[in-house]
>>> print(open('target38.txt').read())   # compact mmCIF, C-alpha atoms and all ligand atoms
# COMPACT_ATOMS: atom_id res chain seq x y z
CA MET I 4 95.94 114.25 77.07
CA LYS I 5 98.37 113.04 79.69
CA PRO I 6 101.78 112.11 78.34
CA ASP I 7 102.52 108.42 78.85
CA ARG I 8 106.17 109.03 79.51
CA ILE I 9 107.71 111.21 82.21
CA PRO I 10 110.86 112.96 80.99
CA GLY I 11 113.73 112.11 83.31
CA HIS I 12 112.70 110.06 86.31
CA ARG I 13 110.22 110.38 89.12
CA PHE I 14 111.98 110.81 92.47
CA LEU I 15 110.82 107.96 94.68
CA HIS I 16 110.74 109.21 98.27
CA SER I 17 108.37 106.80 99.92
CA PRO I 18 109.99 104.99 102.84
CA GLY I 19 109.51 101.76 100.89
CA PRO I 20 109.44 100.60 98.27
CA THR I 21 112.63 102.48 97.52
CA ARG I 22 114.64 102.98 94.36
CA VAL I 23 116.20 99.81 92.95
CA PRO I 24 119.84 100.27 91.84
CA ASP I 25 120.78 99.29 88.28
CA GLU I 26 123.00 96.48 89.58
CA VAL I 27 120.01 94.94 91.37
CA GLN I 28 117.76 95.28 88.34
CA ASP I 29 120.42 93.70 86.14
CA ALA I 30 120.77 90.76 88.54
CA MET I 31 117.01 90.23 88.45
CA ARG I 32 116.89 90.06 84.66
CA ARG I 33 118.53 86.63 84.54
CA GLN I 34 116.50 83.66 83.31
CA PRO I 35 115.03 81.28 85.91
CA MET I 36 117.04 78.18 86.70
CA ASP I 37 116.01 74.58 87.25
CA LEU I 38 115.63 73.57 90.87
CA ALA I 39 118.86 71.54 90.92
CA ASP I 40 121.01 74.27 89.37
CA PRO I 41 123.89 74.88 91.83
CA ARG I 42 123.66 78.61 91.13
CA VAL I 43 120.37 78.68 93.07
CA ASP I 44 122.05 77.29 96.17
CA GLN I 45 125.03 79.62 95.74
CA CYS I 46 122.72 82.62 95.57
CA ILE I 47 120.80 81.52 98.67
CA ALA I 48 124.05 80.96 100.56
CA ALA I 49 125.29 84.42 99.56
CA CYS I 50 122.05 86.00 100.81
CA ASP I 51 122.29 84.06 104.09
CA GLN I 52 125.86 85.14 104.69
CA GLY I 53 125.24 88.71 103.60
CA LEU I 54 122.20 89.08 105.84
CA LYS I 55 124.10 87.63 108.80
CA ARG I 56 126.92 90.13 108.32
CA LEU I 57 124.43 92.98 107.97
CA LEU I 58 122.50 91.91 111.07
CA LYS I 59 125.75 91.31 112.94
CA THR I 60 124.86 87.81 114.03
CA ARG I 61 127.17 84.83 114.05
CA ASP I 62 124.86 81.88 114.55
CA ALA I 63 121.24 82.84 113.93
CA ASP I 64 119.29 80.80 111.38
CA ILE I 65 118.15 82.88 108.42
CA HIS I 66 114.74 82.02 107.00
CA MET I 67 113.84 83.89 103.85
CA VAL I 68 110.24 83.81 102.70
CA ALA I 69 108.44 84.85 99.54
CA ALA I 70 106.32 87.40 101.36
CA ASN I 71 106.27 91.02 102.44
CA GLY I 72 106.88 92.30 105.97
CA HIS I 73 103.43 91.20 107.09
CA GLY I 74 104.38 87.65 106.08
CA ALA I 75 107.41 87.84 108.37
CA TRP I 76 105.15 89.10 111.18
CA GLU I 77 102.87 86.11 110.63
CA ALA I 78 105.80 83.67 110.55
CA VAL I 79 107.00 85.00 113.92
CA VAL I 80 103.60 84.63 115.58
CA GLU I 81 102.86 81.18 114.15
CA ASN I 82 106.26 79.77 115.05
CA LEU I 83 107.00 81.43 118.35
CA ILE I 84 103.74 81.96 120.20
CA ALA I 85 101.88 78.94 121.61
CA PRO I 86 98.09 79.37 121.61
CA ASP I 87 97.90 79.89 125.39
CA ARG I 88 100.70 82.46 125.56
CA ALA I 89 100.65 86.22 125.15
CA VAL I 90 102.77 88.84 123.38
CA LEU I 91 103.80 92.23 124.75
CA ILE I 92 103.80 94.72 121.88
CA ALA I 93 105.62 97.95 122.65
CA GLY I 94 103.61 100.91 121.39
CA THR I 95 105.23 102.83 118.53
CA GLY I 96 102.11 103.90 116.62
CA HIS I 97 100.69 102.52 113.41
CA PHE I 98 103.10 99.64 112.88
CA SER I 99 102.99 98.26 116.43
CA GLU I 100 99.21 98.49 116.31
CA SER I 101 99.00 96.72 112.93
CA TRP I 102 101.23 93.93 114.25
CA ALA I 103 99.04 93.69 117.36
CA VAL I 104 95.85 93.42 115.31
CA GLN I 105 97.40 90.70 113.14
CA THR I 106 98.62 88.80 116.22
CA GLU I 107 95.16 88.93 117.77
CA ALA I 108 93.59 87.78 114.49
CA LEU I 109 95.84 84.71 114.78
CA GLY I 110 94.23 83.97 118.15
CA ARG I 111 97.02 85.16 120.46
CA ARG I 112 96.53 87.51 123.40
CA VAL I 113 98.29 90.85 123.13
CA VAL I 114 99.37 93.19 125.91
CA ARG I 115 100.05 96.69 124.58
CA THR I 116 102.16 99.40 126.16
CA PRO I 117 100.76 102.88 125.57
CA TRP I 118 102.19 105.11 122.89
CA THR I 119 102.41 108.88 123.09
CA GLU I 120 102.32 110.61 119.70
CA GLY I 121 105.73 111.79 118.57
CA LEU I 122 107.65 109.76 121.14
CA PRO I 123 109.63 106.50 120.98
CA ILE I 124 108.82 103.30 122.90
CA ASP I 125 108.37 103.85 126.63
CA ALA I 126 110.87 101.32 128.02
CA ASP I 127 109.66 101.88 131.59
CA ALA I 128 106.16 100.82 130.52
CA VAL I 129 107.65 97.67 128.96
CA GLU I 130 109.43 96.87 132.23
CA ALA I 131 106.28 97.54 134.29
CA ALA I 132 104.12 95.34 132.03
CA LEU I 133 106.62 92.50 132.34
CA ARG I 134 106.77 92.86 136.13
CA ASP I 135 102.97 92.67 136.19
CA ASP I 136 103.15 89.35 134.37
CA ALA I 137 104.19 87.29 137.39
CA ALA I 138 102.92 84.07 135.79
CA HIS I 139 105.15 84.64 132.73
CA ALA I 140 102.32 84.27 130.25
CA ILE I 141 104.13 86.70 127.93
CA ALA I 142 106.30 84.66 125.57
CA ALA I 143 107.85 87.55 123.67
CA VAL I 144 108.24 91.30 123.44
CA PHE I 145 107.68 92.62 119.91
CA ALA I 146 109.45 95.90 119.19
CA VAL I 147 109.43 97.92 115.97
CA HIS I 148 112.83 99.62 115.61
CA THR I 149 111.72 102.43 113.29
CA ASP I 150 108.01 103.08 113.04
CA THR I 151 107.68 104.16 109.45
CA ALA I 152 104.44 106.03 110.11
CA SER I 153 105.73 108.25 112.92
CA GLY I 154 109.32 108.54 111.69
CA VAL I 155 110.52 107.65 115.19
CA THR I 156 113.36 105.23 115.94
CA SER I 157 113.30 103.66 119.39
CA ASP I 158 116.26 102.80 121.59
CA LEU I 159 116.47 99.01 121.44
CA ASP I 160 119.13 98.82 124.16
CA ALA I 161 116.62 100.40 126.55
CA ILE I 162 114.09 97.69 125.72
CA ARG I 163 116.67 94.95 126.23
CA ALA I 164 117.53 96.55 129.57
CA ALA I 165 113.85 96.69 130.53
CA ILE I 166 113.41 92.95 129.89
CA ASP I 167 116.57 92.20 131.88
CA ALA I 168 115.57 94.49 134.75
CA ALA I 169 112.17 92.81 135.02
CA ARG I 170 113.94 89.40 135.13
CA HIS I 171 111.37 88.14 132.67
CA PRO I 172 112.14 85.24 130.30
CA ALA I 173 110.30 86.81 127.34
CA LEU I 174 112.12 86.65 124.00
CA LEU I 175 112.98 89.90 122.23
CA VAL I 176 111.65 90.12 118.66
CA VAL I 177 112.68 93.17 116.61
CA ASP I 178 111.19 94.49 113.36
CA VAL I 179 113.98 96.17 111.38
CA VAL I 180 111.99 96.43 108.13
CA ALA I 181 112.49 100.20 107.92
CA SER I 182 115.87 100.54 109.61
CA LEU I 183 118.16 97.75 108.38
CA GLY I 184 120.81 99.06 106.03
CA ALA I 185 120.20 102.62 107.25
CA ALA I 186 120.51 102.77 111.05
CA PRO I 187 123.06 100.96 113.22
CA PHE I 188 121.87 97.54 114.38
CA ALA I 189 123.59 94.50 115.91
CA MET I 190 121.51 91.41 116.65
CA ASP I 191 123.96 89.49 118.83
CA ALA I 192 125.12 92.49 120.85
CA LEU I 193 121.50 93.40 121.52
CA ARG I 194 120.70 89.79 122.42
CA ALA I 195 117.68 89.96 120.15
CA ASN I 196 116.23 86.49 119.73
CA VAL I 197 114.36 87.08 116.48
CA VAL I 198 114.86 89.83 113.91
CA LEU I 199 112.69 90.33 110.84
CA GLY I 200 113.00 92.46 107.75
CA ALA I 201 111.86 92.86 104.16
CA SER I 202 113.46 93.55 100.81
CA GLN I 203 111.97 96.84 99.68
CA LYS I 204 113.31 99.51 102.04
CA GLY I 205 116.97 99.85 103.04
CA LEU I 206 117.70 96.64 101.15
CA MET I 207 116.93 98.32 97.80
CA THR I 208 115.24 95.25 96.28
CA PRO I 209 111.68 95.12 94.92
CA PRO I 210 108.93 94.11 97.37
CA GLY I 211 108.11 90.45 97.92
CA LEU I 212 110.98 88.95 99.90
CA ALA I 213 111.08 88.91 103.70
CA PHE I 214 113.45 87.28 106.16
CA VAL I 215 113.52 86.23 109.79
CA ALA I 216 116.72 85.62 111.77
CA VAL I 217 116.20 83.19 114.64
CA ASP I 218 118.62 82.50 117.48
CA GLU I 219 119.01 79.22 119.35
CA ALA I 220 116.70 80.18 122.24
CA ALA I 221 113.90 81.24 119.91
CA ARG I 222 114.34 78.12 117.84
CA ALA I 223 113.89 76.01 120.98
CA VAL I 224 110.73 77.90 121.96
CA ALA I 225 109.35 77.44 118.44
CA ALA I 226 110.16 73.73 118.48
CA ARG I 227 108.05 73.30 121.64
CA ASN I 228 105.12 75.34 120.26
CA PRO I 229 102.26 72.94 119.46
CA ALA I 230 100.36 75.41 117.25
CA PRO I 231 99.65 73.89 113.82
CA ARG I 232 101.61 75.40 110.94
CA PHE I 233 103.16 74.28 107.70
CA TYR I 234 104.19 76.93 105.18
CA TRP I 235 105.82 79.18 107.78
CA ASP I 236 107.33 76.41 109.90
CA TRP I 237 110.96 77.16 110.74
CA GLU I 238 111.89 73.53 111.55
CA ARG I 239 110.50 72.36 108.22
CA ARG I 240 112.47 75.08 106.47
CA ARG I 241 115.79 74.16 108.10
CA SER I 242 117.23 72.27 105.15
CA GLU I 243 120.09 72.32 102.70
CA MET I 244 117.60 71.89 99.87
CA SER I 245 116.28 75.13 98.48
CA TYR I 246 112.92 73.52 97.67
CA ARG I 247 112.43 72.73 101.37
CA ARG I 248 113.92 75.97 102.63
CA PHE I 249 111.28 77.89 100.72
CA CYS I 250 108.53 75.29 101.18
CA GLY I 251 108.44 75.09 97.39
CA THR I 252 110.19 76.91 94.58
CA ALA I 253 112.52 79.68 95.72
CA PRO I 254 111.76 83.25 94.53
CA GLN I 255 114.90 83.21 92.39
CA SER I 256 114.74 86.69 90.85
CA LEU I 257 114.22 88.39 94.19
CA LEU I 258 117.04 86.38 95.73
CA MET I 259 119.38 87.37 92.90
CA GLY I 260 118.37 90.97 93.45
CA LEU I 261 118.97 90.74 97.18
CA GLU I 262 122.37 89.15 96.64
CA ALA I 263 123.34 92.07 94.41
CA ALA I 264 121.98 94.64 96.88
CA LEU I 265 123.86 93.10 99.80
CA GLY I 266 126.96 93.18 97.62
CA LEU I 267 126.47 96.91 97.01
CA ILE I 268 126.21 97.56 100.76
CA GLU I 269 129.41 95.61 101.34
CA ARG I 270 131.24 97.41 98.54
CA GLU I 271 130.33 100.80 99.93
CA GLY I 272 131.01 99.53 103.46
CA LEU I 273 128.33 99.32 106.12
CA ALA I 274 129.85 102.14 108.14
CA ALA I 275 129.80 104.39 105.07
CA VAL I 276 126.22 103.40 104.28
CA ILE I 277 125.16 104.32 107.79
CA ALA I 278 127.08 107.61 107.71
CA ARG I 279 125.48 108.47 104.34
CA HIS I 280 122.01 107.87 105.75
CA ARG I 281 122.80 110.00 108.79
CA LEU I 282 124.00 112.88 106.60
CA LEU I 283 121.06 112.74 104.17
CA ALA I 284 118.60 112.56 107.09
CA ARG I 285 120.27 115.59 108.65
CA ALA I 286 119.88 117.49 105.38
CA VAL I 287 116.16 116.68 105.22
CA GLN I 288 115.74 117.65 108.86
CA ALA I 289 117.58 120.93 108.26
CA ALA I 290 115.09 121.70 105.49
CA VAL I 291 112.11 120.85 107.71
CA GLU I 292 113.51 123.11 110.45
CA GLY I 293 113.70 125.92 107.91
CA TRP I 294 110.19 125.27 106.61
CA ALA I 295 108.81 125.12 110.16
CA GLU I 296 109.60 128.80 110.64
CA GLY I 297 106.67 129.64 108.38
CA GLY I 298 104.34 128.23 111.04
CA ALA I 299 102.31 125.78 108.92
CA LEU I 300 104.27 122.58 109.54
CA GLY I 301 106.89 120.91 111.73
CA PHE I 302 108.37 117.63 112.90
CA PHE I 303 106.04 114.89 114.07
CA ALA I 304 108.90 113.23 116.02
CA GLN I 305 109.35 115.39 119.09
CA GLN I 306 112.81 114.29 120.22
CA PRO I 307 115.62 115.15 117.77
CA ALA I 308 117.62 112.10 118.89
CA SER I 309 114.83 109.69 117.96
CA ARG I 310 114.20 111.10 114.48
CA SER I 311 114.65 108.32 111.96
CA VAL I 312 117.46 108.28 109.42
CA SER I 313 115.07 106.52 107.01
CA VAL I 314 111.95 108.67 106.97
CA THR I 315 110.86 112.09 108.19
CA THR I 316 107.23 112.58 109.12
CA VAL I 317 106.14 116.19 108.65
CA ALA I 318 103.10 117.28 110.66
CA VAL I 319 100.93 120.00 109.15
CA GLY I 320 98.78 122.49 111.01
CA ALA I 321 95.02 122.95 110.81
CA GLY I 322 93.85 124.07 107.38
CA VAL I 323 96.77 122.52 105.51
CA ASP I 324 95.97 119.50 103.33
CA PRO I 325 99.01 117.23 103.13
CA GLU I 326 97.37 115.22 100.36
CA ALA I 327 97.23 118.30 98.14
CA ILE I 328 100.96 118.89 98.71
CA ARG I 329 101.69 115.27 97.91
CA HIS I 330 99.54 115.29 94.81
CA THR I 331 101.17 118.43 93.42
CA ALA I 332 104.64 117.17 94.33
CA ARG I 333 104.05 113.90 92.50
CA GLU I 334 102.03 114.97 89.48
CA ARG I 335 103.67 118.28 88.69
CA PHE I 336 107.18 117.98 90.08
CA GLN I 337 107.76 114.19 89.99
CA VAL I 338 108.54 113.80 93.68
CA ALA I 339 106.62 110.85 95.17
CA MET I 340 106.23 111.03 98.94
CA ALA I 341 104.10 109.02 101.37
CA GLY I 342 101.03 110.12 103.27
CA GLY I 343 99.83 109.63 106.82
CA LEU I 344 98.89 106.13 107.96
CA GLY I 345 96.06 105.18 110.34
CA PRO I 346 95.34 107.97 112.79
CA LEU I 347 97.90 110.21 111.07
CA ALA I 348 96.01 110.24 107.75
CA GLY I 349 95.42 113.84 106.69
CA ARG I 350 97.75 115.17 109.40
CA VAL I 351 101.20 114.46 107.97
CA PHE I 352 103.24 113.76 104.88
CA ARG I 353 106.34 111.63 104.93
CA ILE I 354 109.65 111.99 103.13
CA GLY I 355 111.52 108.73 102.65
CA HIS I 356 115.30 109.08 102.52
CA LEU I 357 116.73 105.59 102.59
CA GLY I 358 118.39 103.19 100.24
CA ASP I 359 120.04 104.07 96.93
CA LEU I 360 120.24 107.84 97.43
CA ASN I 361 122.81 110.62 97.16
CA PRO I 362 122.86 114.34 98.08
CA ALA I 363 121.68 115.62 94.70
CA MET I 364 118.68 113.30 94.79
CA VAL I 365 117.73 114.53 98.25
CA LEU I 366 118.08 118.16 97.14
CA GLY I 367 115.89 117.42 94.12
CA CYS I 368 113.28 115.92 96.40
CA LEU I 369 113.35 118.87 98.80
CA GLY I 370 113.21 121.34 95.91
CA GLY I 371 110.18 119.56 94.47
CA ILE I 372 108.43 119.69 97.83
CA GLU I 373 109.17 123.42 98.16
CA ALA I 374 107.76 123.96 94.68
CA ALA I 375 104.62 121.99 95.57
CA MET I 376 104.16 123.95 98.80
CA THR I 377 104.56 127.18 96.85
CA VAL I 378 101.85 126.12 94.40
CA GLN I 379 99.65 125.16 97.34
CA LYS I 380 100.29 128.56 99.01
CA ILE I 381 101.58 126.97 102.21
CA SER I 382 103.19 129.33 104.67
CA PHE I 383 106.64 127.75 104.94
CA GLY I 384 110.05 129.19 105.82
CA ARG I 385 111.83 129.89 102.53
CA ASP I 386 115.33 128.81 103.43
CA GLY I 387 114.67 125.10 103.91
CA LEU I 388 116.51 124.05 100.78
CA ALA I 389 119.37 126.46 101.55
CA ARG I 390 119.75 124.90 104.98
CA ALA I 391 119.90 121.44 103.43
CA VAL I 392 122.60 122.66 101.03
CA ALA I 393 124.57 124.12 103.92
CA CYS I 394 124.28 120.86 105.81
CA LEU I 395 125.49 118.82 102.84
CA ALA I 396 128.27 121.31 102.17
CA GLY I 397 129.47 120.76 105.71
CA ASP I 398 128.66 124.09 107.25
CA GLY I 399 125.04 123.71 108.24
C1 LIG I 401 106.95 98.57 105.77
C2 LIG I 401 106.95 98.01 107.14
C3 LIG I 401 106.30 96.82 107.49
C4 LIG I 401 105.40 96.09 106.55
O1 LIG I 401 106.04 95.68 105.43
P1 LIG I 401 105.17 95.20 104.16
O2 LIG I 401 106.24 94.67 103.27
O3 LIG I 401 104.48 96.38 103.61
O4 LIG I 401 104.23 94.15 104.63
C5 LIG I 401 106.44 96.34 108.76
N1 LIG I 401 107.16 97.01 109.68
C6 LIG I 401 107.77 98.16 109.40
C7 LIG I 401 108.54 98.85 110.45
C8 LIG I 401 107.66 98.72 108.13
O5 LIG I 401 108.26 99.88 107.86
>>> encode(input="target38.txt", output="structure tokens")
Amino acid sequence: MKPDRIPGHRFLHSPGPTRVPDEVQDAMRRQPMDLADPRVDQCIAACDQGLKRLLKTRDADIHMVAANGHGAWEAVVENLIAPDRAVLIAGTGHFSESWAVQTEALGRRVVRTPWTEGLPIDADAVEAALRDDAAHAIAAVFAVHTDTASGVTSDLDAIRAAIDAARHPALLVVDVVASLGAAPFAMDALRANVVLGASQKGLMTPPGLAFVAVDEAARAVAARNPAPRFYWDWERRRSEMSYRRFCGTAPQSLLMGLEAALGLIEREGLAAVIARHRLLARAVQAAVEGWAEGGALGFFAQQPASRSVSVTTVAVGAGVDPEAIRHTARERFQVAMAGGLGPLAGRVFRIGHLGDLNPAMVLGCLGGIEAAMTVQKISFGRDGLARAVACLAGDG
């Protein structure tokens, strides 16, 4: 018989949902409040202000929605893209393609730039596609900052520069679902017009809350868009009243959780949070470098500089079943990783390393993976964990 309780805790190393800190769980345990309770408005205001500081934007409107990241994608398309306009979606792999499919399902035309496996967004291809669009049918460029499937983070400044160089009026829309609270990001400095995110990754809050930050230019484009919409409508949601802001009752528990999580990031200090993610990612990468010497696996992301600080995608060679490694890691050693998405299914496993994490947790995760690979008789270099220790100890 399987025991119904795991001694200790299972190490959650998916790149979202991520571990929820005790402070966030405690905040979410509070009783619901009536719609006129001023504490609801105070919580919403704290989330607004906290998100603006985290995004580094002074004036953008924050729209939070009771939805996951796909809901934020839908809100962007429905508000921003008129039915006769197109979207340029920069190829990053699974997530850019999923966003493209959803955008097309909503009746909008999509122009895709090609994606090469293991590489970040090709900014030259973005510039070329915009130059080809002499009639300016493209209303916006959609860019995924960190593609959670490939483990690649793209250079957003290069995409901004590509739009500028093409002298194209397209808006820049950035998906920071997997990177916010882990990698450096600054909305105003980037001149991003719309930024979207979700609660369950670097923001350390359970799934179900998404947000969109909208600048003045994007708001004006949305206001002129005749496409019918109601629930997602940004103009309708611009209100002091929480019942209007959320087009109905606000998701109070998730908002209280987010407020607490944003408070934790501020207490640690954003610079320290980012440095911690960089260090933990380096430790994981040091381990993967060590493992790779056994010949059976290696990095999916080909350029070291574009390897994500949130998630590492490990590519396995022919004859290695990543699902067997994952299954053993989870069921026998209590380390839960993620598998390959879309075309990467069966070719990779993914180690999430973002959110509420410290060095010992990362070493536990890496040790559990080594144990699982040993059980599975994978030919991996045996000093992966030792390299991660050396990295964390400051001499790796
Ligand atoms: C997770 C993720 C999404 C989708 O979020 P859901 O909450 O699962 O809908 C979108 N974009 C990126 C980059 C992601 O990592």
>>> atom_distance(input="target38.txt", atom1="atom C3 of ligand LIG 401 (chain I)", atom2="atom CA of I:Ala75")
9.1 Å
>>> residues_around(input="target38.txt", residues="I:Ala318", least_positions_apart="5", cutoff="9 Å", atoms="only C-alpha atoms", output="NGL selection string")
:I and (299-304 or 325 or 347 or 350-353)
>>> residues_near_point(input="target38.txt", point="(109.0, 100.8, 113.2)", cutoff="12 Å", atoms="only C-alpha atoms", output="MDAnalysis selection string")
chainID I and resid 18 72 92:102 123:124 145:159 177:183 186 199:200 309:314
>>> closest_residue(input="target38.txt", among="I:Val217, I:Leu273, I:Val338, I:Leu357", to="ligand LIG 401 (chain I)", atoms="only C-alpha atoms and all ligand atoms")
I:Leu357
>>> residues_around(input="target38.txt", residues="stretch 375-381 of chain I", least_positions_apart="4", cutoff="6 Å", atoms="only C-alpha atoms", output="ChimeraX atom specification")
/I:328,331-332
>>> atom_distance(input="target38.txt", atom1="atom CA of I:Phe14", atom2="atom CA of I:Gln306")
28.0 Å
>>> closest_residue(input="target38.txt", among="I:Arg241, I:Ala253, I:Asp25, I:Ala341", to="ligand LIG 401 (chain I)", atoms="all atoms listed in the file")
I:Ala341
>>> closest_residue(input="target38.txt", among="I:Ala142, I:Pro24, I:Leu282, I:Pro86", to="I:Ala396", atoms="only C-alpha atoms")
I:Leu282
>>> atom_distance(input="target38.txt", atom1="atom CA of I:Ile354", atom2="atom CA of I:Gly11")
20.2 Å
>>> closest_residue(input="target38.txt", among="I:Ser382, I:Gln45, I:Thr316, I:Gln203", to="ligand LIG 401 (chain I)", atoms="all atoms listed in the file")
I:Gln203
>>> residues_around(input="target38.txt", residues="I:Ala140", least_positions_apart="5", cutoff="12 Å", atoms="only C-alpha atoms", output="NGL selection string")
:I and (84-91 or 111-114 or 132-135 or 171-174)
>>> residues_around(input="target38.txt", residues="I:Glu269", least_positions_apart="6", cutoff="9 Å", atoms="all atoms listed in the file", output="ChimeraX atom specification")
/I:53,57,276
>>> closest_residue(input="target38.txt", among="I:His73, I:Arg279, I:Arg285, I:Arg163", to="ligand LIG 401 (chain I)", atoms="all atoms listed in the file")
I:His73
>>> residues_around(input="target38.txt", residues="stretch 256-265 of chain I", least_positions_apart="6", cutoff="6 Å", atoms="only C-alpha atoms", output="PDB file with C-alpha atoms, in the frame of the given file")
ATOM      1  CA  VAL I  27     120.010  94.940  91.370  1.00  0.00           C
ATOM      2  CA  ALA I  30     120.770  90.760  88.540  1.00  0.00           C
ATOM      3  CA  MET I  31     117.010  90.230  88.450  1.00  0.00           C
ATOM      4  CA  CYS I  50     122.050  86.000 100.810  1.00  0.00           C
ATOM      5  CA  GLY I  53     125.240  88.710 103.600  1.00  0.00           C
ATOM      6  CA  THR I 208     115.240  95.250  96.280  1.00  0.00           C
TER       7      THR I 208
END
>>> build_atoms(input="target38.txt", residues="stretch 4-21 of chain I", atoms="N, CA and C atoms", output="CSV table (one decimal), in the coordinates of the input")
chain,number,residue,atom,x,y,z
I,4,MET,N,95.6,115.7,76.9
I,4,MET,CA,95.9,114.2,77.1
I,4,MET,C,97.2,114.2,77.9
I,5,LYS,N,97.2,113.2,78.8
I,5,LYS,CA,98.4,113.0,79.7
I,5,LYS,C,99.5,112.3,78.9
I,6,PRO,N,100.7,112.8,79.0
I,6,PRO,CA,101.8,112.1,78.3
I,6,PRO,C,102.0,110.7,79.0
I,7,ASP,N,102.3,109.7,78.2
I,7,ASP,CA,102.5,108.4,78.8
I,7,ASP,C,104.0,108.2,79.3
I,8,ARG,N,104.8,109.2,79.0
I,8,ARG,CA,106.2,109.0,79.5
I,8,ARG,C,106.6,110.3,80.3
I,9,ILE,N,107.2,110.1,81.4
I,9,ILE,CA,107.7,111.2,82.2
I,9,ILE,C,109.1,111.5,81.7
I,10,PRO,N,109.4,112.7,81.3
I,10,PRO,CA,110.9,113.0,81.0
I,10,PRO,C,111.7,112.8,82.3
I,11,GLY,N,112.9,112.3,82.1
I,11,GLY,CA,113.7,112.1,83.3
I,11,GLY,C,113.1,111.0,84.2
I,12,HIS,N,113.3,111.1,85.5
I,12,HIS,CA,112.7,110.1,86.3
I,12,HIS,C,111.9,110.7,87.5
I,13,ARG,N,111.0,109.9,87.9
I,13,ARG,CA,110.2,110.4,89.1
I,13,ARG,C,111.1,110.1,90.3
I,14,PHE,N,111.2,111.0,91.2
I,14,PHE,CA,112.0,110.8,92.5
I,14,PHE,C,111.1,110.0,93.4
I,15,LEU,N,111.6,108.8,93.8
I,15,LEU,CA,110.8,108.0,94.7
I,15,LEU,C,111.3,108.2,96.1
I,16,HIS,N,110.4,108.9,96.9
I,16,HIS,CA,110.7,109.2,98.3
I,16,HIS,C,109.7,108.7,99.2
I,17,SER,N,109.1,107.5,98.9
I,17,SER,CA,108.4,106.8,99.9
I,17,SER,C,109.4,106.1,100.8
I,18,PRO,N,109.0,105.8,102.0
I,18,PRO,CA,110.0,105.0,102.8
I,18,PRO,C,109.9,103.5,102.5
I,19,GLY,N,109.6,103.1,101.3
I,19,GLY,CA,109.5,101.8,100.9
I,19,GLY,C,108.2,101.6,100.2
I,20,PRO,N,108.2,101.0,99.0
I,20,PRO,CA,109.4,100.6,98.3
I,20,PRO,C,110.4,101.8,97.9
I,21,THR,N,111.6,101.5,97.8
I,21,THR,CA,112.6,102.5,97.5
I,21,THR,C,113.2,102.2,96.1
